[in-house]
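Engineer: Structure file run-v2.txt (compact mmCIF, C-alpha atoms) right here:
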```
# COMPACT_ATOMS: atom_id res chain seq x y z
CA MET R 103 9.48 -45.12 4.13
CA GLU R 104 7.67 -44.96 0.77
CA ASN R 105 5.38 -42.21 2.09
CA ASN R 106 8.40 -40.21 3.25
CA LEU R 107 10.03 -40.60 -0.16
CA GLY R 108 6.79 -39.46 -1.78
CA PHE R 109 6.83 -36.34 0.38
CA LEU R 110 10.49 -35.72 -0.42
CA PHE R 111 9.92 -35.86 -4.17
CA CYS R 112 6.92 -33.55 -3.73
CA VAL R 113 9.16 -30.99 -2.01
CA LEU R 114 11.72 -31.41 -4.81
CA GLY R 115 9.05 -30.64 -7.39
CA LYS R 116 9.00 -34.13 -8.93
CA PRO R 117 5.34 -35.18 -8.78
CA MET R 118 5.65 -38.26 -11.01
CA GLN R 119 8.27 -39.86 -8.74
CA ALA R 120 6.20 -38.79 -5.72
CA HIS R 121 3.12 -40.58 -7.05
CA ASP R 122 5.16 -43.75 -7.76
CA HIS R 123 6.32 -43.98 -4.15
CA LEU R 124 2.88 -43.13 -2.80
CA ASP R 125 1.35 -45.87 -4.96
CA ARG R 126 3.68 -48.38 -3.31
CA ALA R 127 2.90 -47.02 0.15
CA GLN R 128 -0.82 -47.22 -0.57
CA ALA R 129 -0.56 -50.83 -1.74
CA LEU R 130 1.42 -51.81 1.35
CA PHE R 131 -0.89 -50.16 3.88
CA THR R 132 -3.98 -51.49 2.10
CA THR R 133 -2.60 -55.01 2.41
CA LEU R 134 -1.83 -54.44 6.09
CA LYS R 135 -5.25 -52.85 6.63
CA ASP R 136 -3.45 -49.93 8.31
CA SER R 137 -6.03 -47.17 7.98
CA VAL R 138 -4.00 -44.51 9.85
CA ASN R 139 -0.89 -44.80 7.66
CA LEU R 140 -3.10 -45.10 4.61
CA ALA R 141 -4.77 -41.81 5.53
CA GLN R 142 -1.34 -40.23 6.05
CA THR R 143 -0.37 -41.40 2.56
CA ASP R 144 -3.54 -39.85 1.15
CA GLU R 145 -2.68 -36.57 2.90
CA THR R 146 0.77 -36.61 1.30
CA ARG R 147 -0.78 -37.33 -2.10
CA ALA R 148 -3.11 -34.40 -1.59
CA ARG R 149 -0.04 -32.18 -1.19
CA VAL R 150 1.31 -33.50 -4.48
CA LEU R 151 -2.03 -32.84 -6.18
CA LEU R 152 -2.02 -29.28 -4.81
CA ALA R 153 1.47 -28.78 -6.24
CA GLU R 154 0.15 -29.99 -9.61
CA GLY R 155 -2.78 -27.58 -9.47
CA ARG R 156 -5.33 -30.39 -9.15
CA ILE R 157 -7.06 -28.63 -6.29
CA ALA R 158 -10.51 -30.24 -6.36
CA GLU R 159 -8.97 -33.73 -6.35
CA ALA R 160 -6.66 -32.76 -3.51
CA GLU R 161 -9.55 -31.39 -1.41
CA LYS R 162 -11.60 -34.56 -1.87
CA MET R 163 -8.67 -36.81 -0.96
CA VAL R 164 -7.51 -34.91 2.11
CA ARG R 165 -11.10 -34.55 3.35
CA ALA R 166 -11.39 -38.35 3.38
CA ALA R 167 -8.01 -38.57 5.16
CA VAL R 168 -9.24 -36.16 7.85
CA GLN R 169 -12.35 -38.26 8.43
CA THR R 170 -10.22 -41.39 8.88
CA LEU R 171 -7.73 -39.71 11.21
CA GLU R 172 -10.56 -38.33 13.34
CA ARG R 173 -11.36 -41.93 14.21
CA GLY R 174 -7.72 -42.99 14.61
CA GLY R 175 -6.72 -40.86 17.57
CA GLU R 176 -3.50 -39.59 15.96
CA GLN R 177 -3.93 -35.91 16.79
CA SER R 178 -0.67 -34.62 15.30
CA LEU R 179 -1.38 -36.39 12.01
CA LEU R 180 -4.93 -35.05 12.11
CA ALA R 181 -3.60 -31.49 12.58
CA GLU R 182 -1.33 -31.90 9.52
CA ALA R 183 -4.22 -33.20 7.43
CA LEU R 184 -6.46 -30.34 8.59
CA THR R 185 -3.78 -27.84 7.59
CA THR R 186 -3.54 -29.37 4.12
CA HIS R 187 -7.33 -29.40 3.87
CA GLY R 188 -7.40 -25.73 4.82
CA ILE R 189 -4.97 -24.94 2.00
CA ALA R 190 -7.14 -26.78 -0.51
CA LEU R 191 -10.28 -24.98 0.68
CA ALA R 192 -8.52 -21.61 0.53
CA ARG R 193 -7.47 -22.27 -3.06
CA LEU R 194 -11.05 -23.23 -3.89
CA ARG R 195 -12.06 -19.83 -2.43
CA ASP R 196 -14.14 -21.44 0.31
CA LEU R 197 -12.68 -18.89 2.69
CA ASP R 198 -14.93 -19.30 5.73
CA GLN R 199 -14.54 -23.07 5.76
CA ALA R 200 -10.80 -22.73 5.17
CA ARG R 201 -10.43 -20.42 8.15
CA ALA R 202 -12.42 -22.73 10.41
CA THR R 203 -10.31 -25.69 9.27
CA PHE R 204 -7.00 -23.88 9.90
CA GLN R 205 -8.24 -22.81 13.32
CA ARG R 206 -9.19 -26.36 14.17
CA ALA R 207 -5.75 -27.56 13.04
CA VAL R 208 -4.10 -25.10 15.45
CA ASP R 209 -6.35 -26.21 18.32
CA VAL R 210 -5.87 -29.94 17.67
CA ALA R 211 -2.08 -29.61 17.47
CA GLU R 212 -1.91 -27.55 20.67
CA GLN R 213 -4.05 -30.08 22.51
CA ALA R 214 -1.75 -32.84 21.27
CA GLY R 215 1.28 -31.02 22.73
CA ASP R 216 2.65 -30.20 19.27
CA PRO R 217 3.49 -26.47 19.29
CA GLU R 218 5.45 -26.78 16.03
CA GLY R 219 2.43 -28.20 14.19
CA ALA R 220 0.13 -25.62 15.77
CA GLY R 221 2.49 -22.78 14.83
CA GLN R 222 2.77 -24.02 11.27
CA ALA R 223 -1.02 -24.17 10.96
CA SER R 224 -1.40 -20.64 12.31
CA LEU R 225 1.33 -19.41 9.95
CA VAL R 226 -0.29 -21.08 6.92
CA LEU R 227 -3.59 -19.45 7.88
CA VAL R 228 -1.92 -16.03 7.67
CA GLU R 229 -0.19 -16.87 4.39
CA HIS R 230 -3.37 -18.05 2.64
CA LEU R 231 -6.05 -15.88 4.24
CA GLY R 232 -4.13 -12.83 5.48
CA SER R 233 -5.67 -10.42 3.00
CA HIS R 234 -9.16 -11.53 4.08
CA LEU R 235 -8.62 -11.06 7.84
CA SER R 236 -9.25 -7.96 9.91
CA ASN R 237 -6.25 -6.23 11.42
CA ASP R 238 -7.11 -7.65 14.83
CA ASP R 239 -7.41 -11.24 13.59
CA LEU R 240 -4.29 -10.94 11.45
CA TYR R 241 -2.26 -9.60 14.35
CA LEU R 242 -3.52 -12.29 16.73
CA ALA R 243 -2.75 -15.06 14.23
CA VAL R 244 0.83 -13.84 13.68
CA GLN R 245 1.33 -13.34 17.40
CA ARG R 246 0.07 -16.87 18.09
CA ALA R 247 2.31 -18.34 15.41
CA GLY R 248 5.28 -16.45 16.89
CA ARG R 249 4.57 -17.80 20.36
CA LEU R 250 4.16 -21.38 19.14
CA LEU R 251 7.27 -21.27 16.93
CA GLU R 252 9.39 -19.49 19.54
CA ASN R 253 11.66 -22.52 20.02
CA SER R 254 11.47 -23.81 16.46
CA GLN R 255 14.67 -24.82 14.68
CA ASP R 256 12.93 -24.55 11.30
CA MET R 257 14.63 -21.54 9.72
CA ASP R 258 12.23 -21.56 6.78
CA ALA R 259 9.26 -21.28 9.11
CA LEU R 260 10.89 -18.41 11.01
CA ARG R 261 11.69 -16.64 7.74
CA ARG R 262 8.07 -17.00 6.62
CA LEU R 263 6.90 -15.75 9.99
CA GLY R 264 9.06 -12.65 9.57
CA ARG R 265 7.55 -11.97 6.15
CA SER R 266 4.06 -12.43 7.60
CA ALA R 267 4.80 -9.94 10.36
CA CYS R 268 5.86 -7.42 7.71
CA ARG R 269 2.63 -8.03 5.81
CA ILE R 270 0.64 -6.78 8.77
CA LEU R 271 2.01 -3.31 8.13
CA SER R 272 1.29 -3.45 4.39
CA LEU R 273 -2.27 -4.73 4.84
CA ILE R 274 -3.25 -2.48 7.69
CA HIS R 275 -4.85 0.15 5.46
CA ASP R 276 -7.12 -2.39 3.73
CA HIS R 277 -9.18 -3.46 6.75
CA PRO R 278 -10.56 -1.23 9.49
CA CYS R 279 -9.10 -2.16 12.87
CA SER R 280 -11.30 -2.10 16.00
CA LEU R 281 -8.76 -1.14 18.63
CA ASP R 282 -9.34 -0.51 22.29
CA TRP R 283 -8.27 3.13 22.45
CA THR R 284 -8.32 3.19 26.25
CA ASN R 285 -4.76 3.94 27.34
CA PHE R 286 -3.60 3.24 23.77
CA SER R 287 -0.05 4.28 22.95
CA PHE R 288 1.09 4.60 19.35
CA LYS R 289 4.72 4.50 20.44
CA ARG R 290 4.18 1.27 22.41
CA ALA R 291 2.44 -0.34 19.44
CA VAL R 292 5.28 0.58 17.08
CA LEU R 293 7.88 -0.61 19.58
CA HIS R 294 6.03 -3.93 19.89
CA TYR R 295 6.13 -4.58 16.13
CA GLU R 296 9.74 -3.44 16.02
CA SER R 297 10.64 -5.82 18.85
CA GLU R 298 8.93 -8.77 17.11
CA LEU R 299 10.84 -8.22 13.85
CA ILE R 300 14.20 -7.75 15.56
CA SER R 301 13.63 -10.90 17.62
CA LEU R 302 12.88 -12.94 14.49
CA ALA R 303 15.92 -11.56 12.67
CA LEU R 304 18.24 -12.35 15.58
CA LYS R 305 16.90 -15.90 15.83
CA GLU R 306 17.35 -16.49 12.11
CA ALA R 307 20.85 -15.01 12.26
CA GLY R 308 21.80 -17.30 15.14
CA GLY R 309 22.22 -14.35 17.47
CA SER R 310 24.60 -12.47 15.20
CA VAL R 311 23.83 -8.74 15.35
CA THR R 312 25.71 -8.11 12.10
CA LYS R 313 23.71 -10.74 10.19
CA ALA R 314 20.44 -9.66 11.79
CA ALA R 315 21.13 -6.04 10.82
CA HIS R 316 21.65 -7.16 7.21
CA LEU R 317 18.34 -9.11 7.24
CA LEU R 318 16.55 -6.02 8.56
CA GLY R 319 18.08 -3.80 5.89
CA PHE R 320 20.30 -1.67 8.14
CA GLY R 321 23.35 -0.11 6.53
CA HIS R 322 25.50 -0.89 9.56
CA HIS R 323 25.11 -3.19 12.54
CA GLN R 324 25.75 -0.30 14.93
CA SER R 325 22.22 0.95 14.25
CA LEU R 326 20.73 -2.33 15.46
CA LEU R 327 23.19 -2.45 18.34
CA ALA R 328 22.02 0.97 19.52
CA MET R 329 18.39 -0.18 19.43
CA LEU R 330 19.24 -3.26 21.50
CA ASN R 331 21.11 -1.17 24.05
CA ASN R 332 18.38 1.44 24.35
CA ARG R 333 14.87 0.60 23.14
CA HIS R 334 14.96 -3.22 23.25
CA LYS R 335 17.17 -4.23 26.16
CA ASN R 336 14.95 -7.30 26.71
CA LEU R 337 16.25 -8.77 23.43
CA ARG R 338 19.94 -8.57 24.32
CA ASP R 339 19.92 -12.14 25.66
CA ILE R 340 19.11 -13.45 22.16
CA ARG R 341 22.31 -12.04 20.65
CA LYS R 342 25.66 -13.76 20.80
CA PRO R 343 27.98 -12.58 23.59
CA VAL R 344 30.25 -9.74 22.55
CA ARG R 345 33.79 -10.96 21.89
CA ARG R 346 36.31 -8.42 23.07
CA ARG R 347 39.37 -7.94 20.90
CA ARG R 348 42.69 -8.86 22.39
CA ARG R 349 45.02 -5.95 23.07
CA SER R 350 48.15 -5.92 21.01
CA ILE R 351 51.25 -7.34 22.71
CA PHE R 352 53.14 -4.39 21.29
CA ARG R 353 52.89 -1.22 23.36
CA ARG R 354 51.91 1.78 21.32
CA LEU R 355 54.78 4.32 21.44
CA ASP R 356 54.46 8.02 21.06
CA PRO R 357 56.20 9.27 17.84
CA VAL R 358 58.43 11.56 19.95
CA GLU R 359 59.40 8.62 22.14
CA ILE R 360 60.27 6.55 19.03
CA LYS R 361 62.44 9.40 17.70
CA ASN R 362 64.22 9.78 21.02
CA LYS R 363 64.87 6.06 21.24
CA SER R 364 66.20 5.85 17.71
CA GLY R 365 68.45 8.86 18.25
CA SER R 366 69.77 7.90 21.65
CA PRO R 367 73.50 7.07 22.09
CA GLY R 368 72.71 3.48 22.96
CA ALA R 369 70.46 2.91 19.96
CA GLU R 370 71.43 0.23 17.50
CA LYS R 371 72.63 1.37 14.10
```
Give the structure from this file in structure tokens form.

Structural biologist:
Amino acid sequence: MENNLGFLFCVLGKPMQAHDHLDRAQALFTTLKDSVNLAQTDETRARVLLAEGRIAEAEKMVRAAVQTLERGGEQSLLAEALTTHGIALARLRDLDQARATFQRAVDVAEQAGDPEGAGQASLVLVEHLGSHLSNDDLYLAVQRAGRLLENSQDMDALRRLGRSACRILSLIHDHPCSLDWTNFSFKRAVLHYESELISLALKEAGGSVTKAAHLLGFGHHQSLLAMLNNRHKNLRDIRKPVRRRRRSIFRRLDPVEIKNKSGSPGAEK
């Protein structure tokens, strides 16, 4: 409970309150000789230290937490700690070690049957090391994160994933890409990226084509609708079912018919 409160105050940007709760959690778990929960508390404190800019302290603390969790058998907790350690290493500019740590976090979470944790680790790798990856590695990391987070309910993670997918296009000129040009199709490659972005927008919009079109920057939802009906028919199942408007209970009358009715001998005055 105290560890969770410490994490909550960290997210709220209140490090002093976070440290107070983590101090209490640390005292409790030390008394109970609960090394796993104590390591989890240290991992949370490392996040607070990162938020405060105390990067070297955070790296030292989370490294110790990783070592403890490696012996504890809690793979999902280990994956979280490895992800935090990767962030600390990236901020210390130890890029090779950071990348290896993020990759290990993804692997450990996947092996533990935690696709959400694995997807988050892959996403954080892109966010912190994207500008240092080749086009191939960047694409594979985003694709892997998208697959792992496919069923995620975390809208913030999906939003970040969408931004990361967009970054691929902006970074592509900075790193040479070793593509297999055998049977390569530029149109297919563009359609693939287009499909990924539309899929993410629809998921974030809860299937609403209108909202997804707004997220994608379209002036009108009909543009997106046309793409779904033509180029990306495989994505139509993600959208909400079309609600047909009810027909008016009043029959539309021709103006001549209205005039004749109003001027007829039996018409009411």

Engineer: Check the smallest atom-to-atom distance from each of R:Thr185, R:Asn139, R:Gln169, R:Ser236 to Gln222 in chain R using only C-alpha atoms, then report the winner.

Structural biologist: R:Thr185

Engineer: Please measure the separation of CA of Leu197 in chain R and CA of Gly175 in chain R, giving the value in Å to one decimal.

Structural biologist: 27.2 Å

Engineer: Using all atoms listed in the file, can you tell me which of R:Ala328, R:Ala192, R:Ile340, R:Leu227 comes closest to Glu252 in chain R?

Structural biologist: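 Of R:Ala328, R:Ala192, R:Ile340, R:Leu227, the one nearest Glu252 in chain R is R:Ile340, counting all atoms listed in the file.
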
Engineer: What is the distance, in Å and to one decimal place, between CA of Leu194 in chain R and CA of His234 in chain R?

Structural biologist: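 Distance reported for this atom pair: 14.3 Å.
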
Engineer: Neighbouring residues of His123 in chain R were defined as those with any atom within 9 Å, considering all atoms listed in the file; residues of the same chain fewer than 6 positions away were excluded. Please report them as a list of chain:residue names.

Structural biologist: R:Met103, R:Glu104, R:Asn105, R:Asn106, R:Leu107, R:Gly108, R:Phe109, R:Phe111

Engineer: One decimal, in Å: what's the spacing between CA of Gly188 in chain R and CA of Asp256 in chain R?

Structural biologist: 21.4 Å

Engineer: At a cut-off of 7 Å, can you tabulate as JSON lines every residue of range 211-281 of chain R near range 289-312 of chain R together with its closest atom pair and the distance in Å to one decimal, using only C-alpha atoms and ordering rows by chain then number?

Structural biologist:
```
{"residue": "R:Met257", "atom": "CA", "partner": "R:Glu306", "partner_atom": "CA", "distance": 6.2}
{"residue": "R:Leu260", "atom": "CA", "partner": "R:Leu302", "partner_atom": "CA", "distance": 6.8}
{"residue": "R:Gly264", "atom": "CA", "partner": "R:Leu302", "partner_atom": "CA", "distance": 6.2}
```

Engineer: Complete range 195-210 of chain R at the level of N, CA and C atoms, written as a short mmCIF file (atom, residue, chain, number, x, y, z; two decimals), in the coordinates of the input.

Structural biologist:
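Contents of part_39.cif, freshly written:
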```
data_model
loop_
_atom_site.label_atom_id
_atom_site.label_comp_id
_atom_site.auth_asym_id
_atom_site.auth_seq_id
_atom_site.Cartn_x
_atom_site.Cartn_y
_atom_site.Cartn_z
N ARG R 195 -11.39 -21.07 -2.82
CA ARG R 195 -12.06 -19.83 -2.43
C ARG R 195 -13.21 -20.07 -1.46
N ASP R 196 -13.18 -21.19 -0.76
CA ASP R 196 -14.14 -21.44 0.31
C ASP R 196 -13.51 -20.89 1.59
N LEU R 197 -13.50 -19.57 1.70
CA LEU R 197 -12.68 -18.89 2.69
C LEU R 197 -13.14 -19.13 4.13
N ASP R 198 -14.44 -19.09 4.37
CA ASP R 198 -14.93 -19.30 5.73
C ASP R 198 -14.61 -20.70 6.23
N GLN R 199 -14.83 -21.69 5.37
CA GLN R 199 -14.54 -23.07 5.76
C GLN R 199 -13.04 -23.28 5.93
N ALA R 200 -12.26 -22.62 5.07
CA ALA R 200 -10.80 -22.73 5.17
C ALA R 200 -10.32 -22.18 6.51
N ARG R 201 -10.85 -21.04 6.88
CA ARG R 201 -10.43 -20.42 8.15
C ARG R 201 -10.79 -21.31 9.34
N ALA R 202 -12.00 -21.86 9.32
CA ALA R 202 -12.42 -22.73 10.41
C ALA R 202 -11.55 -23.98 10.47
N THR R 203 -11.14 -24.49 9.32
CA THR R 203 -10.31 -25.69 9.27
C THR R 203 -8.90 -25.40 9.78
N PHE R 204 -8.32 -24.27 9.38
CA PHE R 204 -7.00 -23.88 9.90
C PHE R 204 -7.06 -23.71 11.42
N GLN R 205 -8.12 -23.05 11.89
CA GLN R 205 -8.24 -22.81 13.32
C GLN R 205 -8.34 -24.12 14.09
N ARG R 206 -9.07 -25.06 13.52
CA ARG R 206 -9.19 -26.36 14.17
C ARG R 206 -7.84 -27.09 14.18
N ALA R 207 -7.08 -26.94 13.10
CA ALA R 207 -5.75 -27.56 13.04
C ALA R 207 -4.86 -27.03 14.15
N VAL R 208 -4.91 -25.71 14.38
CA VAL R 208 -4.10 -25.10 15.45
C VAL R 208 -4.53 -25.68 16.80
N ASP R 209 -5.83 -25.73 17.03
CA ASP R 209 -6.35 -26.21 18.32
C ASP R 209 -5.99 -27.68 18.55
N VAL R 210 -6.15 -28.50 17.53
CA VAL R 210 -5.87 -29.94 17.67
C VAL R 210 -4.39 -30.16 17.96
#
```
